[in-house]
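This report refers to the structure that appears directly beneath it.
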Amino acid sequence: MGSQIAMLGALAGIRTRLHDISEEQLEAAIASNRKHMQRRVDKGKMSADEMDAAFGRLTTSTDLTAAATGADFVINMVQIGGFGSTLVDFEIPRKYGLKFTIADTTGPGGLFRALRTYPLMKGLVQDMAEVCPNAVLLNYSNPMSMNMQSVFRTRPDMQAVGLCHSVQG
């Protein structure tokens, strides 16, 4: 995603820092970005030099403080517990006779996900207050409304907005 952001005309000169606690996940993100951008080069939608320039402004870190220091924007896109936890979010309520269509934003599944995500959200905004106090948080993680309540309860002065993952489309 980082290099894809750098391809947007008005954002072409920005520096992007990707953070994950897993070096393996960071490598996968870079490989995915490179593959996507190479397709654009192959289709003539961008030059190889433009691709190289975008990647030249992209750094990665498993250290959140290093990644966020001095940032103007922080984009949060996490799923604590991964896919396996999401399955449990469906299975536990179903075991007790509760049926619903989605388990990541509302109902018992949304609450389970919120309880897993709250500690990260609280820590993130506390870290941002120290290393990038004027940054705007763009949150793409569900359960959106519960996560944003957590953000504003932790740091009422925070500049933050919750966005649906399909907004950019």
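Starting from 1 in every chain, residues are counted up; chains themselves are A, B, ... following the order of the structure tokens, and ligands are numbered from 1 as listed.
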Residues near Thr101 in chain A, anyone? I mean within 12 Å using only C-alpha atoms, not counting same-chain ones fewer than 6 positions away, as a JSON list (two decimals) with N, CA, C and O atoms, in the first residue's frame.
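Okay, selection00.json is ready:
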[["chain", "number", "residue", "atom", "x", "y", "z"],
["A", 89, "ASP", "N", -14.93, -15.72, 16.62],
["A", 89, "ASP", "CA", -15.96, -14.69, 16.85],
["A", 89, "ASP", "C", -17.33, -15.16, 16.35],
["A", 89, "ASP", "O", -18.36, -14.75, 16.89],
["A", 90, "PHE", "N", -17.35, -15.99, 15.33],
["A", 90, "PHE", "CA", -18.60, -16.57, 14.83],
["A", 90, "PHE", "C", -19.00, -17.81, 15.65],
["A", 90, "PHE", "O", -20.16, -18.01, 15.96],
["A", 93, "PRO", "N", -20.62, -17.37, 19.63],
["A", 93, "PRO", "CA", -22.05, -17.03, 19.69],
["A", 93, "PRO", "C", -22.94, -18.11, 19.09],
["A", 93, "PRO", "O", -24.03, -18.39, 19.61],
["A", 94, "ARG", "N", -22.49, -18.72, 17.98],
["A", 94, "ARG", "CA", -23.28, -19.77, 17.34],
["A", 94, "ARG", "C", -23.50, -20.94, 18.30],
["A", 94, "ARG", "O", -24.57, -21.52, 18.34],
["A", 107, "GLY", "N", -22.48, -6.75, 17.07],
["A", 107, "GLY", "CA", -22.88, -7.97, 17.75],
["A", 107, "GLY", "C", -21.76, -8.54, 18.60],
["A", 107, "GLY", "O", -20.74, -7.90, 18.84],
["A", 108, "PRO", "N", -21.95, -9.79, 19.04],
["A", 108, "PRO", "CA", -20.95, -10.42, 19.91],
["A", 108, "PRO", "C", -19.58, -10.50, 19.24],
["A", 108, "PRO", "O", -18.56, -10.25, 19.88],
["A", 109, "GLY", "N", -19.54, -10.82, 17.96],
["A", 109, "GLY", "CA", -18.26, -10.92, 17.26],
["A", 109, "GLY", "C", -17.54, -9.59, 17.21],
["A", 109, "GLY", "O", -16.32, -9.52, 17.38],
["A", 110, "GLY", "N", -18.28, -8.52, 16.97],
["A", 110, "GLY", "CA", -17.68, -7.19, 16.96],
["A", 110, "GLY", "C", -17.13, -6.82, 18.32],
["A", 110, "GLY", "O", -16.07, -6.21, 18.43]]
Residues within 8 Å of range 21-27 of chain A, only C-alpha atoms, excluding chain neighbours under 6 positions, as number ranges by chain = A: 60-63
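Remark: for Met51 in chain A, the closest of the candidate residues A:Met37, A:Leu64, A:Ala28, A:Ala114 is A:Met37 (distances computed over only C-alpha atoms).
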Best match for closeness to Pro119 in chain A among A:Ala66, A:Ile80, A:Ile75, A:Ala12, counting only C-alpha atoms = A:Ile80
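Ranking A:Val74, A:Val88, A:Leu98, A:Ala68 by their shortest atom-to-atom distance to Leu137 in chain A, with only C-alpha atoms included, puts A:Val74 first.
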Every residue of range 51-128 of chain A that DSSP places in strand (DSSP E), as a list in words = Leu58, Thr59, Thr60, Ser61, Phe73, Val74, Ile75 and Asn76 of chain A
Selection from above, N, CA, C and O atoms, as a CSV table (one decimal), in the first residue's frame, can you write it?
chain,number,residue,atom,x,y,z
A,58,LEU,N,10.3,4.6,0.4
A,58,LEU,CA,9.5,3.7,1.2
A,58,LEU,C,10.5,3.0,2.1
A,58,LEU,O,11.5,2.4,1.7
A,59,THR,N,10.2,3.0,3.4
A,59,THR,CA,11.0,2.3,4.4
A,59,THR,C,10.1,1.4,5.2
A,59,THR,O,8.9,1.6,5.3
A,60,THR,N,10.7,0.4,5.9
A,60,THR,CA,9.9,-0.5,6.7
A,60,THR,C,10.6,-0.5,8.1
A,60,THR,O,11.8,-0.3,8.3
A,61,SER,N,9.8,-0.9,9.1
A,61,SER,CA,10.3,-1.0,10.5
A,61,SER,C,9.4,-1.9,11.3
A,61,SER,O,8.1,-1.8,11.2
A,73,PHE,N,0.7,11.7,9.0
A,73,PHE,CA,-0.5,10.8,9.0
A,73,PHE,C,0.0,9.4,9.5
A,73,PHE,O,1.1,9.0,9.1
A,74,VAL,N,-0.9,8.7,10.2
A,74,VAL,CA,-0.7,7.3,10.6
A,74,VAL,C,-1.9,6.6,10.1
A,74,VAL,O,-3.0,7.0,10.4
A,75,ILE,N,-1.7,5.6,9.3
A,75,ILE,CA,-2.8,4.7,8.8
A,75,ILE,C,-2.8,3.4,9.6
A,75,ILE,O,-1.8,2.7,9.5
A,76,ASN,N,-3.9,3.1,10.3
A,76,ASN,CA,-4.0,1.9,11.0
A,76,ASN,C,-4.8,0.9,10.3
A,76,ASN,O,-6.0,1.1,10.0
Run DSSP on the backbone and grab whatever in range 7-46 of chain A lands in alpha helix (DSSP H); send it over as an MDAnalysis selection string.
-> chainID A and resid 23:42
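Distance-wise, CA of Gly56 in chain A and CA of Ala71 in chain A end up 17.4 Å apart.
Among the candidates A:Val151, A:Leu87, A:Ala160, A:Val131, the residue lying nearest to Tyr118 in chain A is A:Val151 (atoms considered: only C-alpha atoms).
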Could you state the separation of CA of Leu138 in chain A and CA of Ser150 in chain A in Å, given to one decimal place?
-> 13.9 Å
Using only C-alpha atoms, the shortest atom-to-atom distance to Asp20 in chain A among A:Asn142, A:Gln38, A:Thr65, A:Asn33 belongs to A:Thr65
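Across the model, the gap from CA of Met158 in chain A to CA of Leu115 in chain A is 20.8 Å.
Closest approach to Arg17 in chain A from the set A:Gly84, A:Gly97, A:Gly123, A:Gly70 is made by A:Gly70, with distances taken over only C-alpha atoms.
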